[in-house]
Amino acid sequence: MSITAADVNKLRQMTGAGMMDCKKALTEAEGDFEAAIDVLRKAGQKVAAKRADNATNEGVVLVALSADHSNGKLIALACETEPVSKVADFNNLAKSIIDKAAASHAPSAHDLLAEPLADGRSVEGHIIELTGRIGEKITLAAYENISAEKVVSYIHSNNKIGVLVAFENVQGVDVSEIGKDIAMQITAMKPVALDKDGVDAETIEREIEIGKDQARQEGKPEAMLEKIAVGKLEKFYREQTLLNQQFVKDSSITIRQLLENKQKGLTISMFKRISLV
């Protein structure tokens, strides 16, 4: 059958695919628009499968906060190269995904990928279709969704790192400034946990073994290695858990003390940091 320019343009408006890709898909589908969309999607799946092992260290991180700042969401839409991260279609899709996350309150990345966008196709379908058009791997690399009395967000200037900080026992105090300071510290210092009890057993065991090895190489007696390693573990906690870290802007106090100085009982219940670098 004859595929008209109007048909091609209609499919292009529906999918955002290139004119030649749309014409080829319509020809293969014998003019059936739904079948043509499937053809384009399968093309994206082939590209995705071929490039499945490729690294995706570029892209964009976006945030959405509820009007009362009691909920925050972060997404990272990742791609292989920096030029693709600047393409309008890529950024428009990222914006559509964070908007859908804000509206749907999807509890996980798996759920968010299944959510429909404006045209009824799923987030995952749009990612696969764009993968086919652009020709490199695109993936929803991270998704975080947290709720608290107050949530403060921060996106680093390169749009590749995002942080959410959840505050409790706020008691009406404005935590926006202190929240930004703490979020920026999380961005730079990369704490592994909120407090000591949040550090997983495997990490603790590894740090103790590292401490023992260091002490052994320094010539310390074997009987003292465990005690020395435990001491080094306490140093690890001070450096790598948020509440015990020194505040970057004032090293005379910890983050825990900073919170107490701001408002007695003010606490952080959790934080989330996602990064493409």
# chains A, B, ... in the order shown; residues from 1 in each chain; ligands from 1
>>> residues_around(residues="A:Asp111", least_positions_apart="6", cutoff="12 Å", atoms="only C-alpha atoms", output="list in words")
Ile97, Lys100, Ala101, Ser104, His105, Ser122, Val123, Glu124, Leu140, Tyr143, Glu144 and Asn145 of chain A
>>> select_by_dssp(residues="stretch 25-263 of chain A", states="strand (DSSP E or B)", output="PyMOL selection string")
chain A and resi 58-65+71-79+116+122+138-147+150-155+161-168+193+241+246-247+250-254
>>> write_last_selection(atoms="N, CA and C atoms", output="short mmCIF file (atom, residue, chain, number, x, y, z; two decimals), in the first residue's frame")
data_model
loop_
_atom_site.label_atom_id
_atom_site.label_comp_id
_atom_site.auth_asym_id
_atom_site.auth_seq_id
_atom_site.Cartn_x
_atom_site.Cartn_y
_atom_site.Cartn_z
N GLU A 58 26.56 9.02 31.90
CA GLU A 58 26.06 10.37 31.57
C GLU A 58 24.55 10.38 31.77
N GLY A 59 23.96 11.56 31.68
CA GLY A 59 22.52 11.66 31.84
C GLY A 59 22.13 12.84 32.69
N VAL A 60 20.99 12.72 33.36
CA VAL A 60 20.47 13.83 34.14
C VAL A 60 19.77 13.31 35.40
N VAL A 61 19.93 14.04 36.49
CA VAL A 61 19.23 13.75 37.75
C VAL A 61 18.22 14.86 37.99
N LEU A 62 16.97 14.47 38.27
CA LEU A 62 15.90 15.45 38.51
C LEU A 62 15.20 15.15 39.83
N VAL A 63 14.60 16.18 40.41
CA VAL A 63 13.92 16.05 41.70
C VAL A 63 12.52 16.63 41.61
N ALA A 64 11.62 16.10 42.43
CA ALA A 64 10.27 16.65 42.57
C ALA A 64 9.90 16.63 44.05
N LEU A 65 9.45 17.75 44.57
CA LEU A 65 8.99 17.85 45.96
C LEU A 65 7.50 18.13 45.98
N ASN A 71 7.23 15.10 50.93
CA ASN A 71 7.65 13.98 50.09
C ASN A 71 8.60 14.49 49.02
N GLY A 72 9.60 13.67 48.72
CA GLY A 72 10.55 14.02 47.66
C GLY A 72 10.86 12.81 46.82
N LYS A 73 11.08 13.06 45.54
CA LYS A 73 11.42 11.99 44.61
C LYS A 73 12.63 12.42 43.78
N LEU A 74 13.50 11.46 43.52
CA LEU A 74 14.67 11.67 42.67
C LEU A 74 14.67 10.61 41.57
N ILE A 75 15.04 11.02 40.37
CA ILE A 75 15.30 10.04 39.32
C ILE A 75 16.64 10.35 38.67
N ALA A 76 17.27 9.32 38.14
CA ALA A 76 18.45 9.48 37.28
C ALA A 76 18.15 8.76 35.98
N LEU A 77 18.04 9.52 34.90
CA LEU A 77 17.90 8.93 33.57
C LEU A 77 19.28 8.95 32.94
N ALA A 78 19.81 7.78 32.65
CA ALA A 78 21.21 7.66 32.24
C ALA A 78 21.35 7.28 30.77
N CYS A 79 22.46 7.71 30.20
CA CYS A 79 22.80 7.36 28.82
C CYS A 79 24.31 7.15 28.74
N PRO A 116 2.02 4.61 32.89
CA PRO A 116 1.79 5.17 31.56
C PRO A 116 2.08 6.67 31.52
N SER A 122 3.97 2.99 28.38
CA SER A 122 4.67 3.00 29.68
C SER A 122 5.97 3.79 29.61
N ILE A 138 19.90 3.68 27.06
CA ILE A 138 19.25 4.64 27.97
C ILE A 138 18.55 3.83 29.05
N THR A 139 18.69 4.25 30.29
CA THR A 139 18.11 3.47 31.37
C THR A 139 17.69 4.38 32.54
N LEU A 140 16.65 3.95 33.24
CA LEU A 140 16.28 4.61 34.49
C LEU A 140 17.25 4.06 35.54
N ALA A 141 18.33 4.77 35.78
CA ALA A 141 19.44 4.26 36.60
C ALA A 141 19.12 4.26 38.08
N ALA A 142 18.25 5.17 38.53
CA ALA A 142 17.94 5.24 39.96
C ALA A 142 16.61 5.96 40.16
N TYR A 143 15.93 5.58 41.23
CA TYR A 143 14.68 6.23 41.63
C TYR A 143 14.56 6.15 43.14
N GLU A 144 14.34 7.28 43.77
CA GLU A 144 14.16 7.32 45.22
C GLU A 144 12.88 8.08 45.54
N ASN A 145 12.17 7.60 46.54
CA ASN A 145 10.89 8.18 46.95
C ASN A 145 10.82 8.15 48.47
N ILE A 146 10.93 9.30 49.13
CA ILE A 146 10.91 9.32 50.59
C ILE A 146 9.91 10.35 51.12
N SER A 147 9.39 10.05 52.30
CA SER A 147 8.45 10.94 52.97
C SER A 147 8.91 11.21 54.39
N LYS A 150 9.50 16.96 56.94
CA LYS A 150 9.99 17.88 55.92
C LYS A 150 11.11 17.19 55.13
N VAL A 151 11.05 17.35 53.82
CA VAL A 151 12.09 16.81 52.95
C VAL A 151 12.75 17.98 52.22
N VAL A 152 14.07 18.00 52.28
CA VAL A 152 14.84 19.04 51.58
C VAL A 152 15.63 18.36 50.46
N SER A 153 15.68 19.01 49.31
CA SER A 153 16.37 18.43 48.15
C SER A 153 17.53 19.31 47.71
N TYR A 154 18.43 18.69 46.98
CA TYR A 154 19.56 19.43 46.39
C TYR A 154 19.99 18.71 45.12
N ILE A 155 20.15 19.47 44.04
CA ILE A 155 20.69 18.95 42.79
C ILE A 155 22.00 19.67 42.54
N ILE A 161 24.16 14.68 40.23
CA ILE A 161 24.06 14.21 41.61
C ILE A 161 22.84 14.86 42.25
N GLY A 162 22.05 14.06 42.94
CA GLY A 162 20.89 14.59 43.64
C GLY A 162 20.79 13.99 45.03
N VAL A 163 20.28 14.79 45.98
CA VAL A 163 20.18 14.36 47.37
C VAL A 163 18.81 14.74 47.93
N LEU A 164 18.24 13.83 48.73
CA LEU A 164 17.04 14.11 49.52
C LEU A 164 17.39 13.89 50.98
N VAL A 165 16.97 14.81 51.85
CA VAL A 165 17.21 14.69 53.29
C VAL A 165 15.86 14.78 54.01
N ALA A 166 15.56 13.78 54.84
CA ALA A 166 14.28 13.70 55.54
C ALA A 166 14.43 14.14 56.99
N PHE A 167 13.72 15.20 57.37
CA PHE A 167 13.79 15.75 58.73
C PHE A 167 12.54 15.39 59.52
N GLU A 168 12.73 15.08 60.80
CA GLU A 168 11.63 14.84 61.73
C GLU A 168 11.80 15.73 62.96
N ALA A 193 26.19 5.81 55.60
CA ALA A 193 24.99 5.55 56.41
C ALA A 193 24.67 6.80 57.23
N THR A 241 29.77 8.23 58.58
CA THR A 241 28.34 8.25 58.91
C THR A 241 27.92 9.70 59.13
N GLN A 246 32.07 15.66 60.94
CA GLN A 246 32.23 17.09 61.23
C GLN A 246 31.47 17.88 60.18
N PHE A 247 30.83 18.96 60.62
CA PHE A 247 30.13 19.83 59.69
C PHE A 247 31.18 20.56 58.85
N ASP A 250 31.75 24.19 59.68
CA ASP A 250 32.22 24.47 61.04
C ASP A 250 32.70 23.15 61.65
N SER A 251 33.98 22.87 61.52
CA SER A 251 34.51 21.57 61.95
C SER A 251 34.52 21.37 63.46
N SER A 252 34.11 22.40 64.22
CA SER A 252 34.07 22.25 65.68
C SER A 252 32.83 21.49 66.14
N ILE A 253 31.87 21.26 65.22
CA ILE A 253 30.65 20.54 65.58
C ILE A 253 30.37 19.44 64.56
N THR A 254 29.64 18.42 65.01
CA THR A 254 29.20 17.35 64.12
C THR A 254 27.83 17.72 63.53
#
>>> closest_residue(among="A:Gly44, A:Ser66, A:Thr187, A:His110", to="A:Ser157", atoms="only C-alpha atoms")
A:Thr187
>>> atom_distance(atom1="atom CA of A:Asp174", atom2="atom CA of A:Asp68")
12.3 Å
>>> closest_residue(among="A:Thr15, A:Phe33, A:Val192, A:Ser70", to="A:Ile128", atoms="only C-alpha atoms")
A:Thr15
>>> atom_distance(atom1="atom CA of A:Val175", atom2="atom CA of A:Val199")
26.0 Å
>>> residues_around(residues="A:Ile228", least_positions_apart="4", cutoff="8 Å", atoms="only C-alpha atoms", output="ChimeraX atom specification")
/A:211-212,215,224,232
>>> residues_around(residues="A:Gln171", least_positions_apart="3", cutoff="10 Å", atoms="only C-alpha atoms", output="count of residues only")
7
>>> select_by_dssp(residues="stretch 34-167 of chain A", states="alpha helix (DSSP H)", output="MDAnalysis selection string")
chainID A and resid 34:50 82:85 88:104 109:114 123:134
>>> write_last_selection(atoms="C-alpha atoms", output="PDB file, in the first residue's frame")
ATOM      1  CA  GLU A  34      -0.302   0.375  16.188  1.00  0.00           C
ATOM      2  CA  ALA A  35       1.770  -2.279  14.430  1.00  0.00           C
ATOM      3  CA  ALA A  36       4.196   0.426  13.258  1.00  0.00           C
ATOM      4  CA  ILE A  37       4.649   1.575  16.853  1.00  0.00           C
ATOM      5  CA  ASP A  38       5.475  -2.038  17.761  1.00  0.00           C
ATOM      6  CA  VAL A  39       8.031  -2.121  14.943  1.00  0.00           C
ATOM      7  CA  LEU A  40       9.718   0.988  16.330  1.00  0.00           C
ATOM      8  CA  ARG A  41       9.641  -0.462  19.841  1.00  0.00           C
ATOM      9  CA  LYS A  42      11.216  -3.717  18.674  1.00  0.00           C
ATOM     10  CA  ALA A  43      13.958  -1.714  16.975  1.00  0.00           C
ATOM     11  CA  GLY A  44      14.625  -0.064  20.325  1.00  0.00           C
ATOM     12  CA  GLN A  45      14.681  -3.446  22.050  1.00  0.00           C
ATOM     13  CA  LYS A  46      17.281  -4.696  19.572  1.00  0.00           C
ATOM     14  CA  VAL A  47      19.503  -1.691  20.239  1.00  0.00           C
ATOM     15  CA  ALA A  48      19.004  -2.068  23.999  1.00  0.00           C
ATOM     16  CA  ALA A  49      19.947  -5.755  23.876  1.00  0.00           C
ATOM     17  CA  LYS A  50      23.009  -5.081  21.721  1.00  0.00           C
ATOM     18  CA  GLU A  82      27.334  13.516  27.142  1.00  0.00           C
ATOM     19  CA  PRO A  83      25.939  14.744  23.782  1.00  0.00           C
ATOM     20  CA  VAL A  84      22.879  12.503  24.208  1.00  0.00           C
ATOM     21  CA  SER A  85      22.346  13.868  27.737  1.00  0.00           C
ATOM     22  CA  ALA A  88      15.921  17.747  23.868  1.00  0.00           C
ATOM     23  CA  ASP A  89      14.042  14.445  23.491  1.00  0.00           C
ATOM     24  CA  PHE A  90      16.174  12.857  26.219  1.00  0.00           C
ATOM     25  CA  ASN A  91      15.572  15.728  28.643  1.00  0.00           C
ATOM     26  CA  ASN A  92      11.889  15.938  27.796  1.00  0.00           C
ATOM     27  CA  LEU A  93      11.532  12.245  28.601  1.00  0.00           C
ATOM     28  CA  ALA A  94      13.376  12.725  31.906  1.00  0.00           C
ATOM     29  CA  LYS A  95      10.996  15.569  32.777  1.00  0.00           C
ATOM     30  CA  SER A  96       7.979  13.419  31.894  1.00  0.00           C
ATOM     31  CA  ILE A  97       9.278  10.610  34.110  1.00  0.00           C
ATOM     32  CA  ILE A  98       9.844  12.811  37.182  1.00  0.00           C
ATOM     33  CA  ASP A  99       6.408  14.393  36.647  1.00  0.00           C
ATOM     34  CA  LYS A 100       4.850  10.928  36.484  1.00  0.00           C
ATOM     35  CA  ALA A 101       6.733   9.907  39.644  1.00  0.00           C
ATOM     36  CA  ALA A 102       5.378  12.979  41.438  1.00  0.00           C
ATOM     37  CA  ALA A 103       1.817  12.266  40.320  1.00  0.00           C
ATOM     38  CA  SER A 104       1.767   8.494  40.751  1.00  0.00           C
ATOM     39  CA  ALA A 109      11.696   1.917  39.989  1.00  0.00           C
ATOM     40  CA  HIS A 110       9.970  -1.232  38.718  1.00  0.00           C
ATOM     41  CA  ASP A 111       6.560   0.341  39.381  1.00  0.00           C
ATOM     42  CA  LEU A 112       7.594   3.658  37.851  1.00  0.00           C
ATOM     43  CA  LEU A 113       8.738   1.940  34.637  1.00  0.00           C
ATOM     44  CA  ALA A 114       5.262   0.416  34.314  1.00  0.00           C
ATOM     45  CA  VAL A 123       7.775   4.797  30.902  1.00  0.00           C
ATOM     46  CA  GLU A 124       9.743   1.696  29.954  1.00  0.00           C
ATOM     47  CA  GLY A 125       8.217   1.721  26.481  1.00  0.00           C
ATOM     48  CA  HIS A 126       9.256   5.324  25.959  1.00  0.00           C
ATOM     49  CA  ILE A 127      12.808   4.566  27.115  1.00  0.00           C
ATOM     50  CA  ILE A 128      13.067   1.607  24.733  1.00  0.00           C
ATOM     51  CA  GLU A 129      11.636   3.629  21.853  1.00  0.00           C
ATOM     52  CA  LEU A 130      14.093   6.498  22.483  1.00  0.00           C
ATOM     53  CA  THR A 131      16.926   3.969  22.716  1.00  0.00           C
ATOM     54  CA  GLY A 132      16.065   2.832  19.201  1.00  0.00           C
ATOM     55  CA  ARG A 133      15.921   6.379  17.861  1.00  0.00           C
ATOM     56  CA  ILE A 134      19.124   7.608  19.469  1.00  0.00           C
TER      57      ILE A 134
END
>>> atom_distance(atom1="atom CA of A:Leu258", atom2="atom CA of A:Glu207")
27.2 Å
>>> closest_residue(among="A:Lys10, A:Lys190, A:Lys86, A:Lys196", to="A:Lys235", atoms="only C-alpha atoms")
A:Lys196
>>> decode(residues="stretch 136-168 of chain A", atoms="N, CA and C atoms", output="PDB file, in the first residue's frame")
ATOM      1  N   GLU A 136      21.779   4.500  21.406  1.00  0.00           N
ATOM      2  CA  GLU A 136      22.647   4.106  22.520  1.00  0.00           C
ATOM      3  C   GLU A 136      21.797   3.782  23.742  1.00  0.00           C
ATOM      4  N   LYS A 137      22.411   3.097  24.679  1.00  0.00           N
ATOM      5  CA  LYS A 137      21.696   2.609  25.852  1.00  0.00           C
ATOM      6  C   LYS A 137      21.161   3.765  26.693  1.00  0.00           C
ATOM      7  N   ILE A 138      19.896   3.685  27.058  1.00  0.00           N
ATOM      8  CA  ILE A 138      19.248   4.640  27.966  1.00  0.00           C
ATOM      9  C   ILE A 138      18.554   3.826  29.050  1.00  0.00           C
ATOM     10  N   THR A 139      18.690   4.252  30.286  1.00  0.00           N
ATOM     11  CA  THR A 139      18.109   3.471  31.373  1.00  0.00           C
ATOM     12  C   THR A 139      17.690   4.375  32.537  1.00  0.00           C
ATOM     13  N   LEU A 140      16.650   3.950  33.242  1.00  0.00           N
ATOM     14  CA  LEU A 140      16.285   4.607  34.494  1.00  0.00           C
ATOM     15  C   LEU A 140      17.247   4.056  35.538  1.00  0.00           C
ATOM     16  N   ALA A 141      18.332   4.773  35.782  1.00  0.00           N
ATOM     17  CA  ALA A 141      19.435   4.263  36.599  1.00  0.00           C
ATOM     18  C   ALA A 141      19.123   4.262  38.081  1.00  0.00           C
ATOM     19  N   ALA A 142      18.253   5.169  38.525  1.00  0.00           N
ATOM     20  CA  ALA A 142      17.938   5.242  39.958  1.00  0.00           C
ATOM     21  C   ALA A 142      16.614   5.958  40.157  1.00  0.00           C
ATOM     22  N   TYR A 143      15.932   5.575  41.227  1.00  0.00           N
ATOM     23  CA  TYR A 143      14.680   6.234  41.630  1.00  0.00           C
ATOM     24  C   TYR A 143      14.560   6.145  43.143  1.00  0.00           C
ATOM     25  N   GLU A 144      14.344   7.276  43.771  1.00  0.00           N
ATOM     26  CA  GLU A 144      14.158   7.322  45.224  1.00  0.00           C
ATOM     27  C   GLU A 144      12.880   8.080  45.544  1.00  0.00           C
ATOM     28  N   ASN A 145      12.167   7.603  46.545  1.00  0.00           N
ATOM     29  CA  ASN A 145      10.888   8.184  46.947  1.00  0.00           C
ATOM     30  C   ASN A 145      10.821   8.148  48.471  1.00  0.00           C
ATOM     31  N   ILE A 146      10.928   9.302  49.128  1.00  0.00           N
ATOM     32  CA  ILE A 146      10.914   9.324  50.591  1.00  0.00           C
ATOM     33  C   ILE A 146       9.909  10.348  51.119  1.00  0.00           C
ATOM     34  N   SER A 147       9.393  10.055  52.301  1.00  0.00           N
ATOM     35  CA  SER A 147       8.447  10.943  52.969  1.00  0.00           C
ATOM     36  C   SER A 147       8.913  11.208  54.394  1.00  0.00           C
ATOM     37  N   ALA A 148       8.619  12.397  54.898  1.00  0.00           N
ATOM     38  CA  ALA A 148       8.998  12.788  56.258  1.00  0.00           C
ATOM     39  C   ALA A 148       8.220  14.039  56.625  1.00  0.00           C
ATOM     40  N   GLU A 149       8.449  14.519  57.830  1.00  0.00           N
ATOM     41  CA  GLU A 149       7.805  15.770  58.230  1.00  0.00           C
ATOM     42  C   GLU A 149       8.201  16.889  57.264  1.00  0.00           C
ATOM     43  N   LYS A 150       9.500  16.959  56.941  1.00  0.00           N
ATOM     44  CA  LYS A 150       9.992  17.876  55.922  1.00  0.00           C
ATOM     45  C   LYS A 150      11.108  17.195  55.135  1.00  0.00           C
ATOM     46  N   VAL A 151      11.050  17.346  53.818  1.00  0.00           N
ATOM     47  CA  VAL A 151      12.095  16.810  52.947  1.00  0.00           C
ATOM     48  C   VAL A 151      12.751  17.980  52.219  1.00  0.00           C
ATOM     49  N   VAL A 152      14.070  18.003  52.278  1.00  0.00           N
ATOM     50  CA  VAL A 152      14.844  19.036  51.582  1.00  0.00           C
ATOM     51  C   VAL A 152      15.629  18.360  50.457  1.00  0.00           C
ATOM     52  N   SER A 153      15.683  19.010  49.305  1.00  0.00           N
ATOM     53  CA  SER A 153      16.367  18.433  48.151  1.00  0.00           C
ATOM     54  C   SER A 153      17.533  19.314  47.711  1.00  0.00           C
ATOM     55  N   TYR A 154      18.434  18.686  46.980  1.00  0.00           N
ATOM     56  CA  TYR A 154      19.558  19.428  46.393  1.00  0.00           C
ATOM     57  C   TYR A 154      19.990  18.709  45.120  1.00  0.00           C
ATOM     58  N   ILE A 155      20.147  19.470  44.039  1.00  0.00           N
ATOM     59  CA  ILE A 155      20.695  18.946  42.793  1.00  0.00           C
ATOM     60  C   ILE A 155      22.001  19.673  42.536  1.00  0.00           C
ATOM     61  N   HIS A 156      23.087  18.920  42.379  1.00  0.00           N
ATOM     62  CA  HIS A 156      24.389  19.535  42.136  1.00  0.00           C
ATOM     63  C   HIS A 156      24.380  20.243  40.785  1.00  0.00           C
ATOM     64  N   SER A 157      25.271  21.207  40.629  1.00  0.00           N
ATOM     65  CA  SER A 157      25.256  22.088  39.462  1.00  0.00           C
ATOM     66  C   SER A 157      25.423  21.346  38.139  1.00  0.00           C
ATOM     67  N   ASN A 158      26.022  20.146  38.169  1.00  0.00           N
ATOM     68  CA  ASN A 158      26.179  19.396  36.923  1.00  0.00           C
ATOM     69  C   ASN A 158      24.970  18.539  36.581  1.00  0.00           C
ATOM     70  N   ASN A 159      23.941  18.590  37.429  1.00  0.00           N
ATOM     71  CA  ASN A 159      22.708  17.803  37.238  1.00  0.00           C
ATOM     72  C   ASN A 159      22.967  16.295  37.161  1.00  0.00           C
ATOM     73  N   LYS A 160      24.052  15.857  37.809  1.00  0.00           N
ATOM     74  CA  LYS A 160      24.374  14.437  37.811  1.00  0.00           C
ATOM     75  C   LYS A 160      24.379  13.839  39.217  1.00  0.00           C
ATOM     76  N   ILE A 161      24.157  14.680  40.228  1.00  0.00           N
ATOM     77  CA  ILE A 161      24.063  14.211  41.609  1.00  0.00           C
ATOM     78  C   ILE A 161      22.844  14.861  42.250  1.00  0.00           C
ATOM     79  N   GLY A 162      22.053  14.062  42.936  1.00  0.00           N
ATOM     80  CA  GLY A 162      20.895  14.591  43.645  1.00  0.00           C
ATOM     81  C   GLY A 162      20.789  13.993  45.032  1.00  0.00           C
ATOM     82  N   VAL A 163      20.284  14.788  45.976  1.00  0.00           N
ATOM     83  CA  VAL A 163      20.178  14.357  47.371  1.00  0.00           C
ATOM     84  C   VAL A 163      18.806  14.736  47.930  1.00  0.00           C
ATOM     85  N   LEU A 164      18.239  13.831  48.727  1.00  0.00           N
ATOM     86  CA  LEU A 164      17.044  14.105  49.521  1.00  0.00           C
ATOM     87  C   LEU A 164      17.392  13.888  50.985  1.00  0.00           C
ATOM     88  N   VAL A 165      16.974  14.811  51.853  1.00  0.00           N
ATOM     89  CA  VAL A 165      17.206  14.688  53.291  1.00  0.00           C
ATOM     90  C   VAL A 165      15.862  14.775  54.005  1.00  0.00           C
ATOM     91  N   ALA A 166      15.561  13.779  54.839  1.00  0.00           N
ATOM     92  CA  ALA A 166      14.276  13.695  55.538  1.00  0.00           C
ATOM     93  C   ALA A 166      14.429  14.145  56.988  1.00  0.00           C
ATOM     94  N   PHE A 167      13.719  15.197  57.370  1.00  0.00           N
ATOM     95  CA  PHE A 167      13.785  15.746  58.727  1.00  0.00           C
ATOM     96  C   PHE A 167      12.540  15.385  59.522  1.00  0.00           C
ATOM     97  N   GLU A 168      12.732  15.079  60.801  1.00  0.00           N
ATOM     98  CA  GLU A 168      11.631  14.836  61.726  1.00  0.00           C
ATOM     99  C   GLU A 168      11.797  15.726  62.960  1.00  0.00           C
TER     100      GLU A 168
END
